[in-house]
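**Student:** Just dropping this structure here.
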Amino acid sequence: MVLTWFQILSIVLILGITIAGGALPLLRLRSRQVGGFQLGSAFAAGVFLALSLIIMLPNGMQLFSKTLPDWPFPLASFLALLAFVFLLMLEHVTKTPEQEEVVTTPIVPIVMTIMIAIPSFLLGTALGISAVAEAAIILVAILAHKGSAGFALALAMMRSSLKYGQVLALYLAFALATPLGIVFGQELHVYLSGETANLIKAIVLSLAAGVFLFMGTLHEQKHAPLIISCCTPTGFALMLFGLLLTAGVRLLLGLAQHMP
């Protein structure tokens, strides 16, 4: 495995801003403000949206059309939706009251870590498989979000009943998620080629598009319609039913168009 100079630089910068973001909470210097850096989050949201809908999703569609030209269903869009809905589900699981209170159970920070680590890994993978120009844009988006996310996550960990050693181990897992994704993305280039590489790249880019879309729209947004209307099991099930019903209709239309 040989990382490029840009991938090594990306890993160093990402680890640096992740450590800086969680430094104050991890040093037991607690704060009541958990929202992170609002201007940085606003900038990251715009970058996430553009990456999702202008770069990642179209690239995923193009690669799927090359590797699976006769497939009657828009796989790229469906995978993006799967990633989006999965993160929405995790957002509901980790939803806390608007008044910030001391968290006593370790479940919340653990689930929060999983919720942030999964997209972090996918974003790192997207960076690892992308050319330098696209990877640079992805890196900017990651850096703009990683510090504030690390601050909020470390604060939730410190306010839980987790032991300090467990907090450090859990935060380390979060910090390494993106660098491991970069390494994984580079490995795809080394060991895979041809249609197999294009297919896996299409899957990763499509999932990353859903992640980018979620991070740019609903992440930590307590008053968004999908957050308010779908916060109950019934509401979430109805939303999922509507999504799958519409996707099923699209699949039937695609099959009908390919019938002789």
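If you're wondering about the labels, chains in the structure tokens are A, B, ... by order shown, residues count from 1 in each chain, ligands from 1 in order shown.
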Extract the full set of helix (DSSP H, G or I) residues from range 50-163 of chain A according to DSSP on the backbone, and format it as JSON, numbers by chain.
**Tutor:** {"A": [50, 51, 52, 53, 54, 55, 56, 57, 58, 59, 60, 61, 62, 63, 64, 65, 66, 67, 75, 76, 77, 78, 79, 80, 81, 82, 83, 84, 85, 86, 87, 88, 89, 90, 91, 92, 93, 107, 108, 109, 110, 111, 112, 113, 114, 115, 116, 117, 118, 119, 120, 121, 122, 123, 124, 125, 126, 127, 128, 129, 132, 133, 134, 135, 136, 137, 138, 139, 140, 141, 142, 143, 144, 145, 146, 147, 148, 149, 150, 151, 152, 153, 154, 155, 156, 157, 158]}
**Student:** Near Ala20 in chain A, counting only C-alpha atoms, which residues have an atom at most 10 Å away, once you skip same-chain residues fewer than 6 positions from it, shown as a list in words?
**Tutor:**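 Returned residues: Ile14, Lys146, Gly147, Ser148, Gly150 and Phe151 of chain A.
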**Student:** Create the file for the chosen residues now, containing N, CA and C atoms and written as a compact mmCIF listing (two decimals), in the first residue's frame.
**Tutor:**
```txt
# COMPACT_ATOMS: atom_id res chain seq x y z
N ILE A 14 -6.68 16.05 8.70
CA ILE A 14 -7.93 15.57 9.31
C ILE A 14 -7.69 15.16 10.75
N LYS A 146 -15.32 18.51 10.50
CA LYS A 146 -14.73 17.56 11.45
C LYS A 146 -14.47 18.17 12.82
N GLY A 147 -14.01 19.41 12.87
CA GLY A 147 -13.70 20.02 14.14
C GLY A 147 -14.92 20.21 15.02
N SER A 148 -16.00 20.77 14.45
CA SER A 148 -17.21 21.00 15.24
C SER A 148 -17.88 19.69 15.62
N GLY A 150 -16.29 16.85 16.11
CA GLY A 150 -15.47 16.29 17.17
C GLY A 150 -15.71 16.95 18.51
N PHE A 151 -15.91 18.27 18.50
CA PHE A 151 -16.19 19.00 19.75
C PHE A 151 -17.49 18.52 20.38
```
**Student:** Interatomic distance between CA of Ala202 in chain A and CA of Leu63 in chain A?
**Tutor:**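 If I compute the distance from CA of Ala202 in chain A to CA of Leu63 in chain A, I get 5.4 Å.
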**Student:** Hey, which of A:Ser161, A:Gly128, A:Leu88, A:Ala23 ends up closest to Val190 in chain A? Count only C-alpha atoms.
**Tutor:** A:Gly128
